[in-house]
Every structure is written in C-alpha cells, then in structure tokens.
file run30.cif (mmCIF, C-alpha atoms)
data_my_file
#
loop_
_atom_site.label_atom_id
_atom_site.label_comp_id
_atom_site.auth_asym_id
_atom_site.auth_seq_id
_atom_site.Cartn_x
_atom_site.Cartn_y
_atom_site.Cartn_z
CA MET H 1 83.12 80.00 74.12
CA HIS H 2 84.07 82.65 76.61
CA LEU H 3 82.11 82.72 79.80
CA SER H 4 82.32 85.77 81.96
CA ILE H 5 80.77 86.14 85.37
CA SER H 6 80.13 89.67 86.34
CA ILE H 7 79.19 90.31 89.91
CA ASN H 8 78.82 93.91 90.86
CA GLU H 9 80.28 95.39 93.99
CA GLN H 10 76.93 95.71 95.72
CA GLU H 11 76.34 91.97 95.38
CA LEU H 12 79.78 91.24 96.79
CA VAL H 13 79.09 93.51 99.74
CA GLN H 14 75.80 91.69 100.31
CA GLN H 15 77.67 88.36 100.30
CA CYS H 16 80.06 89.73 102.92
CA ILE H 17 77.17 90.92 105.08
CA ALA H 18 75.80 87.37 104.85
CA GLY H 19 79.22 86.15 106.07
CA GLU H 20 80.13 84.35 102.84
CA GLU H 21 83.87 83.81 102.50
CA LYS H 22 83.60 84.02 98.71
CA GLY H 23 82.48 87.65 98.99
CA TYR H 24 85.44 88.53 101.20
CA ALA H 25 87.87 86.85 98.81
CA MET H 26 86.49 88.54 95.72
CA LEU H 27 86.50 92.02 97.24
CA TYR H 28 90.02 91.43 98.55
CA ASN H 29 91.31 90.21 95.19
CA LYS H 30 89.73 93.17 93.46
CA TYR H 31 91.19 95.93 95.62
CA ALA H 32 94.01 94.63 97.84
CA LYS H 33 96.83 95.48 95.45
CA ARG H 34 95.83 99.12 94.98
CA ILE H 35 95.26 99.59 98.70
CA TYR H 36 98.53 97.85 99.57
CA HIS H 37 100.47 100.19 97.30
CA ALA H 38 98.67 103.27 98.61
CA VAL H 39 99.72 102.37 102.16
CA LEU H 40 103.21 101.27 101.13
CA ARG H 41 103.84 104.67 99.54
CA VAL H 42 102.91 106.39 102.80
CA MET H 43 104.66 103.99 105.18
CA GLY H 44 107.76 103.28 103.12
CA ASN H 45 108.22 99.76 104.52
CA SER H 46 106.50 96.50 103.71
CA ALA H 47 106.24 94.87 107.17
CA GLU H 48 104.07 97.59 108.71
CA THR H 49 102.17 98.02 105.44
CA GLU H 50 101.17 94.35 105.51
CA ASP H 51 99.83 94.65 109.06
CA ILE H 52 97.92 97.86 108.31
CA VAL H 53 96.29 96.47 105.16
CA GLN H 54 95.27 93.27 106.94
CA GLU H 55 93.78 95.23 109.82
CA ALA H 56 91.97 97.62 107.46
CA PHE H 57 90.33 94.74 105.58
CA CYS H 58 89.40 93.04 108.86
CA THR H 59 87.81 96.23 110.18
CA ALA H 60 85.99 96.82 106.90
CA PHE H 61 84.66 93.26 106.71
CA GLU H 62 83.55 93.35 110.34
CA GLN H 63 81.71 96.64 109.90
CA ILE H 64 80.58 96.16 106.32
CA ASP H 65 76.90 96.43 107.28
CA ARG H 66 77.62 100.06 108.18
CA LEU H 67 78.90 100.89 104.67
CA LYS H 68 76.49 103.49 103.31
CA ASN H 69 77.57 103.60 99.68
CA GLN H 70 77.93 99.94 98.78
CA ASN H 71 79.50 100.83 95.43
CA ASN H 72 82.48 102.50 97.07
CA PHE H 73 84.02 99.69 99.08
CA GLU H 74 87.51 100.48 97.75
CA GLY H 75 87.37 104.14 98.79
CA TRP H 76 86.13 103.14 102.23
CA VAL H 77 88.83 100.53 102.93
CA LYS H 78 91.51 102.77 101.47
CA ARG H 79 90.46 105.57 103.79
CA ILE H 80 90.54 103.23 106.80
CA ALA H 81 93.99 101.98 105.79
CA LEU H 82 95.44 105.44 105.08
CA ASN H 83 94.10 106.84 108.37
CA GLN H 84 95.71 103.92 110.17
CA ALA H 85 98.99 104.51 108.30
CA ILE H 86 99.02 108.20 109.22
CA SER H 87 98.17 107.38 112.81
CA THR H 88 101.06 104.86 112.90
CA LEU H 89 103.44 107.51 111.56
CA ARG H 90 102.21 109.91 114.24
CA LYS H 91 102.88 107.29 116.93
CA LYS H 92 106.44 107.18 115.66
CA LYS H 93 106.60 110.90 116.56
CA MET H 94 106.39 112.03 112.98
CA VAL H 95 104.92 115.53 112.86
CA PHE H 96 103.16 117.01 109.86
CA THR H 97 104.52 120.51 110.35
CA GLU H 98 102.65 123.78 110.03
CA ASP H 99 105.45 125.62 108.24
CA SER H 100 103.46 128.49 106.79
CA HIS H 101 106.65 130.38 105.98
CA LEU H 102 107.23 127.86 103.26
CA GLU H 103 104.22 129.18 101.42
CA ALA H 104 106.44 131.72 99.74
CA VAL H 105 108.44 128.94 98.13
CA ALA H 106 105.66 127.85 95.83
CA ASP H 107 106.01 128.25 92.14
CA GLU H 108 108.54 131.04 91.83
CA GLU H 109 111.33 128.91 93.20
CA LEU H 110 110.32 126.00 91.08
CA ASP H 111 111.83 127.24 87.87
CA LEU H 112 112.52 123.77 86.48
CA ASN H 113 111.05 122.71 83.20
CA GLU H 114 108.57 120.14 84.44
CA GLU H 115 108.08 118.53 81.07
CA PHE H 116 111.46 116.81 81.37
CA ILE H 117 109.73 114.35 83.73
CA PHE H 118 108.35 112.54 80.67
CA GLN H 119 111.89 111.46 79.78
CA CYS H 120 112.37 109.78 83.16
CA GLN H 121 112.13 106.08 83.97
CA VAL H 122 109.35 105.06 86.34
CA ASP H 123 111.81 103.26 88.63
CA ASP H 124 113.88 106.43 89.06
CA VAL H 125 110.80 108.52 89.84
CA LYS H 126 109.63 105.82 92.24
CA LYS H 127 112.96 105.88 94.06
CA ALA H 128 113.01 109.69 94.19
CA ILE H 129 109.56 109.64 95.83
CA ALA H 130 110.54 106.85 98.23
CA ASP H 131 113.63 108.82 99.31
CA LEU H 132 111.54 111.83 100.40
CA PRO H 133 111.14 112.51 104.13
CA ASP H 134 107.97 110.88 105.58
CA GLY H 135 105.90 114.10 105.64
CA TYR H 136 106.66 115.09 102.05
CA ARG H 137 106.18 111.53 100.83
CA THR H 138 102.77 111.32 102.46
CA ILE H 139 101.57 114.54 100.83
CA VAL H 140 102.95 113.61 97.41
CA SER H 141 101.38 110.15 97.62
CA LEU H 142 97.97 111.41 98.66
CA HIS H 143 97.90 114.19 96.07
CA LEU H 144 99.38 112.42 93.07
CA PHE H 145 98.26 108.83 93.51
CA GLU H 146 95.06 109.11 95.52
CA ASP H 147 94.01 112.27 93.71
CA MET H 148 93.17 114.07 96.93
CA GLY H 149 92.87 117.85 97.02
CA GLN H 150 94.92 120.11 99.28
CA GLU H 151 91.96 120.81 101.58
CA GLU H 152 91.24 117.10 102.02
CA ILE H 153 94.89 116.26 102.70
CA GLY H 154 95.09 119.15 105.16
CA LYS H 155 92.09 117.81 107.08
CA MET H 156 93.49 114.30 107.09
CA LEU H 157 96.89 115.37 108.39
CA GLY H 158 95.59 118.13 110.64
CA ILE H 159 97.47 120.94 108.91
CA ASN H 160 96.62 124.03 106.89
CA HIS H 161 95.89 123.53 103.17
CA ALA H 162 98.42 126.24 102.34
CA THR H 163 101.05 124.20 104.14
CA VAL H 164 100.04 121.17 102.10
CA ARG H 165 100.51 123.21 98.95
CA SER H 166 103.92 124.55 99.91
CA GLN H 167 105.14 121.15 101.10
CA TYR H 168 103.94 119.55 97.88
CA HIS H 169 105.95 122.06 95.85
CA ARG H 170 108.99 121.51 98.01
CA ALA H 171 108.66 117.76 97.64
CA LYS H 172 108.27 118.10 93.90
CA LYS H 173 111.38 120.24 93.77
CA LYS H 174 113.32 117.64 95.73
CA ILE H 175 112.17 114.91 93.35
CA PHE H 176 113.10 116.92 90.28
CA THR H 177 116.48 117.78 91.75
CA ALA H 178 117.14 114.12 92.48
CA LEU H 179 116.17 113.18 88.95
CA LYS H 180 118.28 116.00 87.56
CA ASP H 181 121.23 114.60 89.46
CA LYS H 182 120.65 111.38 87.59
CA ALA H 183 121.33 113.40 84.44
CA TYR H 184 117.84 113.33 83.10
CA TYR H 185 117.46 117.04 83.19
CA GLY H 186 118.68 118.81 80.06
CA THR H 187 122.17 120.22 80.61
CA MET E 1 94.49 126.28 87.01
CA GLU E 2 98.16 125.59 86.35
CA ARG E 3 99.00 122.34 84.58
CA ASP E 4 100.86 119.81 86.73
CA PHE E 5 103.04 117.74 84.41
CA PHE E 6 104.23 115.62 87.31
CA LYS E 7 100.70 114.60 88.20
CA GLN E 8 99.98 113.89 84.56
CA TYR E 9 103.10 111.67 84.41
CA ILE E 10 102.00 109.74 87.51
CA GLN E 11 98.47 109.21 86.18
CA GLU E 12 99.82 107.95 82.86
CA HIS E 13 102.21 105.48 84.50
CA LYS E 14 100.16 104.57 87.56
CA ASP E 15 100.11 100.85 86.80
CA ALA E 16 103.88 100.77 86.49
CA PHE E 17 104.14 102.29 89.97
CA GLU E 18 102.08 99.47 91.40
CA ASN E 19 103.88 96.45 90.00
CA GLU E 20 105.04 94.87 93.26
CA ALA E 21 103.39 91.60 94.21
CA LEU E 22 101.24 91.37 97.33
CA PRO E 23 102.76 89.55 100.31
CA PRO E 24 101.68 85.90 100.29
CA ASN E 25 98.74 84.65 102.37
CA MET E 26 97.37 88.06 103.34
CA LEU E 27 93.84 86.94 102.53
CA GLY E 28 94.32 83.79 104.62
CA ASN E 29 95.50 85.91 107.55
CA ILE E 30 92.54 88.26 107.19
CA LEU E 31 90.04 85.38 107.14
CA ASP E 32 91.77 83.76 110.14
CA LYS E 33 91.61 87.04 112.06
CA LEU E 34 87.94 87.44 111.24
CA LYS E 35 87.18 83.93 112.50
CA GLU E 36 89.27 84.49 115.63
CA ARG E 37 87.39 87.70 116.41
CA GLU E 38 84.04 86.03 115.81
CA ASN E 39 85.00 83.28 118.24
CA GLN E 40 86.19 85.83 120.78
CA ALA E 41 82.94 87.75 120.48
CA ALA E 42 81.01 84.51 121.02
CA LEU E 43 83.12 83.66 124.06
CA GLU E 44 82.57 87.08 125.58
CA VAL E 45 78.85 86.35 125.88
CA THR E 46 79.38 83.35 128.18
CA PRO E 47 81.29 85.11 131.00
CA ILE E 48 78.47 87.66 131.31
CA LYS E 49 76.05 84.81 132.02
CA LYS E 50 78.50 83.33 134.50
CA LEU E 51 78.95 86.72 136.11
CA LYS E 52 75.19 87.13 136.51
CA LEU E 53 75.02 83.69 138.05
CA ASN E 54 77.87 84.55 140.39
CA TYR E 55 76.17 87.75 141.49
CA THR E 56 72.99 85.80 142.20
CA TRP E 57 74.83 83.29 144.35
CA LEU E 58 76.77 86.08 146.00
CA ALA E 59 73.52 87.84 146.85
CA VAL E 60 72.08 84.60 148.27
CA ALA E 61 75.24 84.01 150.29
CA CYS E 62 75.19 87.57 151.65
CA THR E 63 71.52 87.29 152.61
CA LEU E 64 72.18 84.01 154.43
CA LEU E 65 75.17 85.56 156.20
CA ILE E 66 73.16 88.57 157.31
CA VAL E 67 70.24 86.43 158.47
CA GLY E 68 72.60 84.03 160.27
CA GLY E 69 74.52 86.92 161.84
CA ALA E 70 71.33 88.61 162.96
CA TYR E 71 70.07 85.36 164.45
CA LEU E 72 73.32 84.81 166.35
CA PHE E 73 73.34 88.42 167.55
CA VAL E 74 69.76 88.23 168.79
CA SER E 75 70.25 84.86 170.47
CA GLN E 76 73.52 86.11 172.06
CA GLU E 77 71.80 89.17 173.41
CA ALA E 78 69.12 86.98 174.93
CA VAL E 79 71.84 85.04 176.77
CA ASP E 80 73.65 88.24 177.84
CA ILE E 81 70.57 89.62 179.48
CA LYS E 82 70.46 86.49 181.58
CA ASP E 83 74.23 86.44 182.35
CA PRO E 84 76.35 89.54 181.51
CA HIS E 85 79.67 87.73 182.39
CA ASN E 86 79.01 85.35 179.59
CA LEU E 87 79.35 88.18 177.05
CA SER E 88 82.85 89.03 178.12
CA ALA E 89 83.82 85.41 177.71
CA ALA E 90 82.27 85.22 174.28
CA ASN E 91 83.54 88.56 173.00
CA PRO E 92 86.67 89.64 174.87
CA SER E 93 87.26 92.81 172.90
CA VAL E 94 84.01 94.43 173.95
CA LYS E 95 83.86 96.53 177.03
CA VAL E 96 80.64 95.73 178.79
CA GLN E 97 78.98 97.84 181.39
CA GLY E 98 77.32 95.32 183.59
CA PRO E 99 74.69 95.88 186.19
CA LYS E 100 75.42 98.53 188.76
CA ASN E 101 77.08 96.19 191.19
CA THR E 102 79.22 94.55 188.49
CA PRO E 103 82.58 96.18 187.57
CA ALA E 104 83.37 96.98 183.96
CA ILE E 105 85.08 94.07 182.30
CA GLU E 106 87.93 94.80 179.87
CA SER E 107 90.15 92.16 178.53
CA SER E 108 93.24 92.21 176.38
CA VAL E 109 92.72 92.01 172.63
CA GLN E 110 93.91 88.88 171.00
CA GLN E 111 93.05 88.46 167.32
CA PRO E 112 94.73 85.57 165.61
CA THR E 113 92.66 86.13 162.47
CA VAL E 114 94.13 89.61 162.02
CA LEU E 115 97.60 88.15 162.20
CA THR E 116 96.71 85.65 159.53
CA ALA E 117 95.43 88.37 157.22
CA THR E 118 98.60 90.41 157.72
CA THR E 119 100.72 87.39 156.98
CA TYR E 120 98.74 86.78 153.83
CA GLN E 121 99.19 90.39 152.74
CA LYS E 122 102.92 90.14 153.32
CA GLN E 123 103.08 86.91 151.39
CA SER E 124 101.27 88.38 148.44
CA ALA E 125 103.56 91.40 148.52
CA ILE E 126 106.60 89.14 148.45
CA LYS E 127 105.37 87.33 145.34
CA PRO E 128 104.68 89.97 142.62
CA ALA E 129 103.29 88.81 139.28
CA LYS E 130 106.37 87.84 137.33
CA ILE E 131 106.07 88.26 133.59
CA ASP E 132 108.00 85.63 131.74
CA ILE E 133 109.79 87.53 128.99
CA ASN E 134 110.77 84.31 127.23
CA GLN E 135 107.13 83.31 127.01
CA ALA E 136 106.14 86.73 125.66
CA ILE E 137 108.82 86.56 122.98
CA TYR E 138 107.81 83.00 122.09
CA LYS E 139 104.22 84.15 121.72
CA GLY E 140 105.31 87.02 119.45
CA LEU E 141 107.29 84.62 117.26
CA THR E 142 104.27 82.39 116.77
CA ASP E 143 102.10 85.27 115.54
CA SER E 144 101.79 84.16 111.94
CA THR E 145 99.51 87.05 111.04
CA SER E 146 101.87 89.91 111.81
CA VAL E 147 105.36 90.37 110.41
CA ALA E 148 105.88 93.41 112.64
CA ALA E 149 104.96 91.39 115.76
CA ARG E 150 107.47 88.70 114.84
CA LEU E 151 110.15 91.32 114.16
CA ASP E 152 109.46 92.96 117.53
CA ALA E 153 109.75 89.59 119.27
CA ILE E 154 113.09 88.93 117.56
CA ILE E 155 114.40 92.35 118.58
CA GLU E 156 113.42 91.58 122.18
CA ALA E 157 115.13 88.21 121.95
CA GLY E 158 118.25 89.99 120.73
CA ALA E 159 118.36 91.97 123.96
CA LEU E 160 118.52 88.79 126.06
CA THR E 161 121.84 87.48 127.28
CA ALA E 162 120.71 83.85 127.21
CA LEU E 163 117.92 81.92 125.51
CA ASN E 164 116.00 79.02 126.97
CA GLN E 165 115.77 75.84 124.91
CA SER E 166 112.25 76.38 123.60
CA LEU E 167 112.97 79.96 122.55
CA LYS E 168 116.21 78.88 120.93
CA ALA E 169 114.36 76.18 118.98
CA LYS E 170 111.60 78.62 117.97
CA LEU E 171 114.14 81.20 116.76
CA CYS E 172 115.88 78.52 114.70
CA THR E 173 112.54 77.44 113.20
CA THR E 174 111.75 81.07 112.42
CA PHE E 175 115.14 81.50 110.78
CA ASN E 176 114.71 78.38 108.65
CA GLU E 177 111.01 78.52 107.84
CA ASP E 178 109.51 82.01 108.16
CA SER E 179 107.87 83.23 104.97
CA ASN E 180 109.26 86.76 105.36
CA ASP E 181 112.88 87.48 104.36
CA ASN E 182 113.26 90.35 106.84
CA VAL E 183 112.11 88.14 109.71
CA ARG E 184 114.54 85.38 108.74
CA LEU E 185 117.35 87.93 108.46
CA ALA E 186 116.57 89.39 111.88
CA ALA E 187 116.41 85.90 113.40
CA LEU E 188 119.81 85.15 111.90
CA GLU E 189 121.26 88.30 113.44
CA VAL E 190 120.06 87.23 116.89
CA LEU E 191 121.17 83.62 116.43
CA SER E 192 124.63 84.79 115.38
CA LYS E 193 125.05 86.06 118.95
CA PHE E 194 124.60 82.51 120.17
CA SER E 195 126.54 80.79 117.40
CA ASN E 196 128.81 79.09 119.95
CA ASP E 197 125.84 77.02 121.08
CA LYS E 198 125.98 73.56 119.45
CA TYR E 199 122.26 73.42 118.62
CA VAL E 200 122.27 76.91 117.10
CA GLN E 201 125.39 76.06 115.11
CA GLU E 202 123.71 72.94 113.69
CA GLN E 203 120.63 74.94 112.69
CA LEU E 204 122.71 77.66 111.06
CA MET E 205 124.61 74.99 109.16
CA ALA E 206 121.30 73.53 108.00
CA GLY E 207 120.38 77.02 106.84
CA LEU E 208 123.25 76.97 104.36
CA SER E 209 121.29 74.55 102.21
CA LYS E 210 117.79 75.79 103.14
CA GLN E 211 118.03 79.57 102.68
CA LYS E 212 117.31 80.79 99.17
CA ASP E 213 117.26 84.55 99.64
CA PRO E 214 120.66 86.00 98.58
CA VAL E 215 120.72 88.63 101.36
CA VAL E 216 120.14 85.97 104.02
CA GLN E 217 122.65 83.67 102.33
CA LEU E 218 125.31 86.41 102.33
CA GLU E 219 124.86 87.11 106.03
CA LEU E 220 124.82 83.42 106.87
CA ILE E 221 128.05 82.79 104.99
CA LYS E 222 129.68 85.70 106.81
CA ILE E 223 128.71 84.08 110.12
CA MET E 224 129.45 80.47 109.17
CA GLY E 225 132.47 81.32 107.01
CA ASN E 226 134.86 81.04 109.95
CA ASN E 227 133.63 77.55 110.76
CA SER E 228 136.15 75.19 109.18
CA SER E 229 134.26 71.96 109.91
CA PRO E 230 134.12 69.54 106.95
CA GLU E 231 130.32 69.65 106.91
CA THR E 232 130.28 73.44 106.58
CA THR E 233 132.91 73.28 103.85
CA ASP E 234 130.84 70.69 101.96
CA LYS E 235 127.75 72.86 102.17
CA LEU E 236 129.68 75.93 101.01
CA ILE E 237 131.08 73.99 98.04
CA ALA E 238 127.55 72.81 97.22
CA MET E 239 126.39 76.43 97.26
CA ALA E 240 129.22 77.46 94.97
CA ASN E 241 128.37 74.66 92.54
CA ASN E 242 124.63 75.41 92.58
CA PRO E 243 123.74 77.12 89.27
CA PHE E 244 120.91 79.03 91.02
CA THR E 245 123.26 80.69 93.51
CA VAL E 246 123.63 84.41 92.80
CA ASP E 247 127.14 85.59 91.77
CA ALA E 248 127.57 87.84 94.79
CA VAL E 249 126.82 84.90 97.08
CA LYS E 250 129.23 82.67 95.17
CA GLU E 251 131.97 85.27 95.62
CA GLN E 252 131.31 85.32 99.36
CA VAL E 253 131.47 81.51 99.40
CA TYR E 254 134.84 81.49 97.58
CA TYR E 255 136.13 84.11 100.00
CA ALA E 256 135.03 82.01 102.99
CA LEU E 257 136.53 78.83 101.52
CA LEU E 258 139.85 80.55 100.81
CA ASN E 259 140.00 81.92 104.34
CA ASN E 260 139.36 78.47 105.80
CA GLN E 261 142.16 76.82 103.87
#
call {"tool": "encode", "arguments": {"input": "run30.cif", "output": "structure tokens"}}
result
Amino acid sequence: MHLSISINEQELVQQCIAGEEKGYAMLYNKYAKRIYHAVLRVMGNSAETEDIVQEAFCTAFEQIDRLKNQNNFEGWVKRIALNQAISTLRKKKMVFTEDSHLEAVADEELDLNEEFIFQCQVDDVKKAIADLPDGYRTIVSLHLFEDMGQEEIGKMLGINHATVRSQYHRAKKKIFTALKDKAYYGT
Amino acid sequence: MERDFFKQYIQEHKDAFENEALPPNMLGNILDKLKERENQAALEVTPIKKLKLNYTWLAVACTLLIVGGAYLFVSQEAVDIKDPHNLSAANPSVKVQGPKNTPAIESSVQQPTVLTATTYQKQSAIKPAKIDINQAIYKGLTDSTSVAARLDAIIEAGALTALNQSLKAKLCTTFNEDSNDNVRLAALEVLSKFSNDKYVQEQLMAGLSKQKDPVVQLELIKIMGNNSSPETTDKLIAMANNPFTVDAVKEQVYYALLNNQ
C-alpha cells in the first residue's frame, strides 16, 4: 500500500510561523536546490553561494509572518537570495553597465542558426554560460532560467531594459561562438 | 514575438542544468543561525531593563548629590557670614571680597585632583585598544556556518609571518577536518609556509593518510614530496598502493618517491 502525505505550502508556512522545525525543514528540502542553483549561476562560485542561500532562508524564516502570498514561498526566498547575490556582486565593484550603444547589435549581428543549440551537450552549454563575464551571466541566468522579462531584470539591476536586451543578445552570441569553437556548429 | 531557441533549449533541459548536489549541512546551519538569533533577540531585552534600572539609580544618585551639595553650600555660607577668613581657608581658589576693612584674599591654585585626571587621560592615551589579530582569525576559523568566513580567516592567517600555537593547531584541524575542500586547500597553502615547524610537519604528514580529495592530495604531495623521512615514504607508498587513489595522484606519488631516492 502506498501512503502519501500531501501538505500544501500554506500549511508549511503556518508551521514555520508557529516555529515548528519540521515546517522549516520541509520548505527547505522542497526549494533549496532550485534556489541554490539560481544563486550559483549568478555568483559563479560555491562558497559565496552557500552563504547567500543560508542567509536568504534565515531571513525568510524570520520574517515569514510578513509573507503575503503564502503559496509563493519559493518566489519570495529566491528573490531575497538573488537580490543579495546582485548586491554582493556590486560590493565587488561589478557594474551592470548602461551601454545603450550596444542596442544596435541586437539581432542583425546574430546571424547564427540558433537551432544548432539542440545538438549541444548540456555540460558544454553550462560551461559556456559559466565562462561569461559576471554581468552577461547574470542577465542570461535571470532571463533564461528564472524566466524574468527584460523590464524586470532592468529594474533589478538598475539599468535600462534596452541595455538588458542588447547584453542578452551579446551574451547569447558569445555562448554560441564558444559552442561553435567546440565544433558543434555546422561547418 | 521572435522564437528564442536558446531559451527553449534551456527550459527543456532545466533539470540537467541543476544536477549538482547541495552543500552538506546547510539546513543544520540555517536552523542553528535561527536559534542563535532568537537567543540574541531574547538577550537584547535584558540589557534594556538593566539600563532602565541604571538610569533610575543614576537619577537617585544625582538627586542625592545635588541635595548634599546644596546643603553643604548653604551651611558653608552660614559659616562664611560669621567668619569670612574661614572661606579662604576652605576654598583657596575663590577670591573673596571681605568686609570693607578686610583686604581681598587671593591664594595660589593648587589642584591635585586635576593632575590626577590628566595623568589618567595620558595613561588611557598610552594604552589604545589593541585588537588581537590571532584571536580574530581563530574566531573566523571556528565559524562553522560560513565557508567564506573561514576562507577569509585563512587568507588573513596567510599574511602573518608567525602563528601562535593555538592558531597553528586550529589551522591544522581545519586542514584535516573541514568539510569544505576549498577551505582545506587554502589551509594547506598557508600551512605550507610554516612546513619547517615540527608540529605543522607532523600534521601535514597525518594529512597524507587523511585527505581524500585528489586536488588536496596533489598539493600535499607536492609539499611533502621533498621530505625523505621514512614515515613520509611509507605513507606515500600506502597512497600509491591504495586502489581508491586517483591515477593523477598516484603519478605524483611515484614522482615524489623517485625524487627522494
């Protein structure tokens, strides 16, 4: 006989508000991995990622009674963690540049056949993304993995949405070029 | 809107992009931090009560002082009216205009209490708060919740020219027992600076059989490779014979053994 216990997110949040350790553990186990990877993609190194994720969960658990939408705990913690990651990058003097002249780059320059990406190995794509400069990597991660729009990313990073767009295209071009160099691209 | 094949690719393979395991004991660290903060918050309430109590006593003390001072002043004045010379004896710094037939009395100022205060000020200026860097590094190394804090502490230790015994022992423990490979590797790098020290050398030698991470093993062999003591050689041979030792590490072991012959 298969027994399944289904506790919805709202109940878990209520357990956390009541200070029950079980609630903390279940919410952590449910979302930690996705949040860890989201931060790792932005930060690029595991030591700082670990600290940021721990701090984000601590902050979230401490202030959980302020969570308005109790069915969106993951989105809330992820936002706390990503904001912290971006703030850490800023402290390291990383600047999300307002290079509006790059807007012209956009699609015209990107004359690669994008469909070739489906022939690529995940590990190679992962490495190509990881090798991007911090700014490009952040934008690519937020847009592709967190499904954030250009406007939202622009607000988060404090830059124009057009800049986000142009930097995304540049980053994509860099990734494709790197993959092409690995002889995936049809020659 | 234009179709983004790259985004489509990422969405289709998202799970494969997130296949790395979480660092161990993150939940434990989070729960510990939460408890620590709760305790801190509870402790912060007590000093406020103490502070209130202190203010009350301070207010009482001030009131008593003022009342006492006023009483002394009034009683002194009563005496002065009777005998103005008495005032000059009691308070030599005050210039008193006596009755018409009495000349103004002015005496030299002699304030031993002022001298004492100055001396105290000088003494406190001579002794500035000295921050013990060794203690700060030791504290950083014991922070089990933050890898970055431990790495920072190790980097600071690396900048020191000498280590005290407790810091040396803590670094060795970190090198042999820390759960994070990067931390152990960084500790090794710092310890290699002090590899002439007997204690450090013993701990590094112990590491030859304790360390399981190939990167740490490689670095350790590079450092200990020049040591031709029989014990080191035995441990290197044991590493070479261990079926779980990675090939690259074995090669480094053979290289070290050949060089020591």
call {"tool": "closest_residue", "arguments": {"input": "run30.cif", "among": "E:Tyr254, E:Phe6, E:Phe244, E:Phe194", "to": "Asn113 in chain H", "atoms": "only C-alpha atoms"}}
result
E:Phe6
call {"tool": "resolve_selection", "arguments": {"input": "run30.cif", "expression": "the PyMOL selection byres ((chain H) within 8 of (chain E))", "output": "list in words"}}
result
Glu21, Ala25, Tyr28, Ala32, Lys33, Arg34, Tyr36, His37, Ala47, Glu48, Glu50, Asp51, Gln54, Glu55, Phe57, Cys58, Glu62, Glu114, Glu115, Ile117, Phe118, Val122, Asp123, Lys126, Leu144 and Phe145 of chain H
call {"tool": "atom_distance", "arguments": {"input": "run30.cif", "atom1": "CA of Arg137 in chain H", "atom2": "CA of Lys30 in chain H"}}
result
25.7 Å
call {"tool": "atom_distance", "arguments": {"input": "run30.cif", "atom1": "CA of Lys210 in chain E", "atom2": "CA of Ser228 in chain E"}}
result
19.3 Å
call {"tool": "resolve_selection", "arguments": {"input": "run30.cif", "expression": "the PyMOL selection byres ((chain E and resi 185) around 12)", "output": "PyMOL selection string"}}
result
chain E and resi 150-151+154-155+171-172+174-184+186-192+204+207+211-220
call {"tool": "build_atoms", "arguments": {"input": "run30.cif", "residues": "range 222-236 of chain E", "atoms": "N, CA and C atoms", "output": "PDB file, in the frame of the given file"}}
result
ATOM      1  N   LYS E 222     128.763  84.874 106.014  1.00  0.00           N
ATOM      2  CA  LYS E 222     129.680  85.700 106.810  1.00  0.00           C
ATOM      3  C   LYS E 222     129.817  85.111 108.220  1.00  0.00           C
ATOM      4  N   ILE E 223     128.689  84.618 108.750  1.00  0.00           N
ATOM      5  CA  ILE E 223     128.710  84.080 110.120  1.00  0.00           C
ATOM      6  C   ILE E 223     129.361  82.691 110.134  1.00  0.00           C
ATOM      7  N   MET E 224     128.974  81.863 109.165  1.00  0.00           N
ATOM      8  CA  MET E 224     129.450  80.470 109.170  1.00  0.00           C
ATOM      9  C   MET E 224     130.802  80.316 108.465  1.00  0.00           C
ATOM     10  N   GLY E 225     131.231  81.377 107.790  1.00  0.00           N
ATOM     11  CA  GLY E 225     132.470  81.320 107.010  1.00  0.00           C
ATOM     12  C   GLY E 225     133.677  80.914 107.844  1.00  0.00           C
ATOM     13  N   ASN E 226     133.693  81.331 109.111  1.00  0.00           N
ATOM     14  CA  ASN E 226     134.860  81.040 109.950  1.00  0.00           C
ATOM     15  C   ASN E 226     134.855  79.600 110.471  1.00  0.00           C
ATOM     16  N   ASN E 227     133.743  78.922 110.272  1.00  0.00           N
ATOM     17  CA  ASN E 227     133.630  77.550 110.760  1.00  0.00           C
ATOM     18  C   ASN E 227     134.304  76.608 109.743  1.00  0.00           C
ATOM     19  N   SER E 228     135.388  75.988 110.150  1.00  0.00           N
ATOM     20  CA  SER E 228     136.150  75.190 109.180  1.00  0.00           C
ATOM     21  C   SER E 228     135.791  73.696 109.243  1.00  0.00           C
ATOM     22  N   SER E 229     134.623  73.369 109.834  1.00  0.00           N
ATOM     23  CA  SER E 229     134.260  71.960 109.910  1.00  0.00           C
ATOM     24  C   SER E 229     134.005  71.415 108.507  1.00  0.00           C
ATOM     25  N   PRO E 230     134.285  70.122 108.288  1.00  0.00           N
ATOM     26  CA  PRO E 230     134.120  69.540 106.950  1.00  0.00           C
ATOM     27  C   PRO E 230     132.702  69.680 106.418  1.00  0.00           C
ATOM     28  N   GLU E 231     131.731  69.562 107.343  1.00  0.00           N
ATOM     29  CA  GLU E 231     130.320  69.650 106.910  1.00  0.00           C
ATOM     30  C   GLU E 231     130.003  71.038 106.338  1.00  0.00           C
ATOM     31  N   THR E 232     130.497  72.070 107.050  1.00  0.00           N
ATOM     32  CA  THR E 232     130.280  73.440 106.580  1.00  0.00           C
ATOM     33  C   THR E 232     130.948  73.630 105.219  1.00  0.00           C
ATOM     34  N   THR E 233     132.182  73.129 105.121  1.00  0.00           N
ATOM     35  CA  THR E 233     132.910  73.280 103.850  1.00  0.00           C
ATOM     36  C   THR E 233     132.140  72.599 102.721  1.00  0.00           C
ATOM     37  N   ASP E 234     131.602  71.405 102.988  1.00  0.00           N
ATOM     38  CA  ASP E 234     130.840  70.690 101.960  1.00  0.00           C
ATOM     39  C   ASP E 234     129.632  71.511 101.510  1.00  0.00           C
ATOM     40  N   LYS E 235     128.958  72.089 102.507  1.00  0.00           N
ATOM     41  CA  LYS E 235     127.750  72.860 102.170  1.00  0.00           C
ATOM     42  C   LYS E 235     128.124  74.104 101.376  1.00  0.00           C
ATOM     43  N   LEU E 236     129.232  74.739 101.736  1.00  0.00           N
ATOM     44  CA  LEU E 236     129.680  75.930 101.010  1.00  0.00           C
ATOM     45  C   LEU E 236     130.039  75.573  99.567  1.00  0.00           C
TER      46      LEU E 236
END
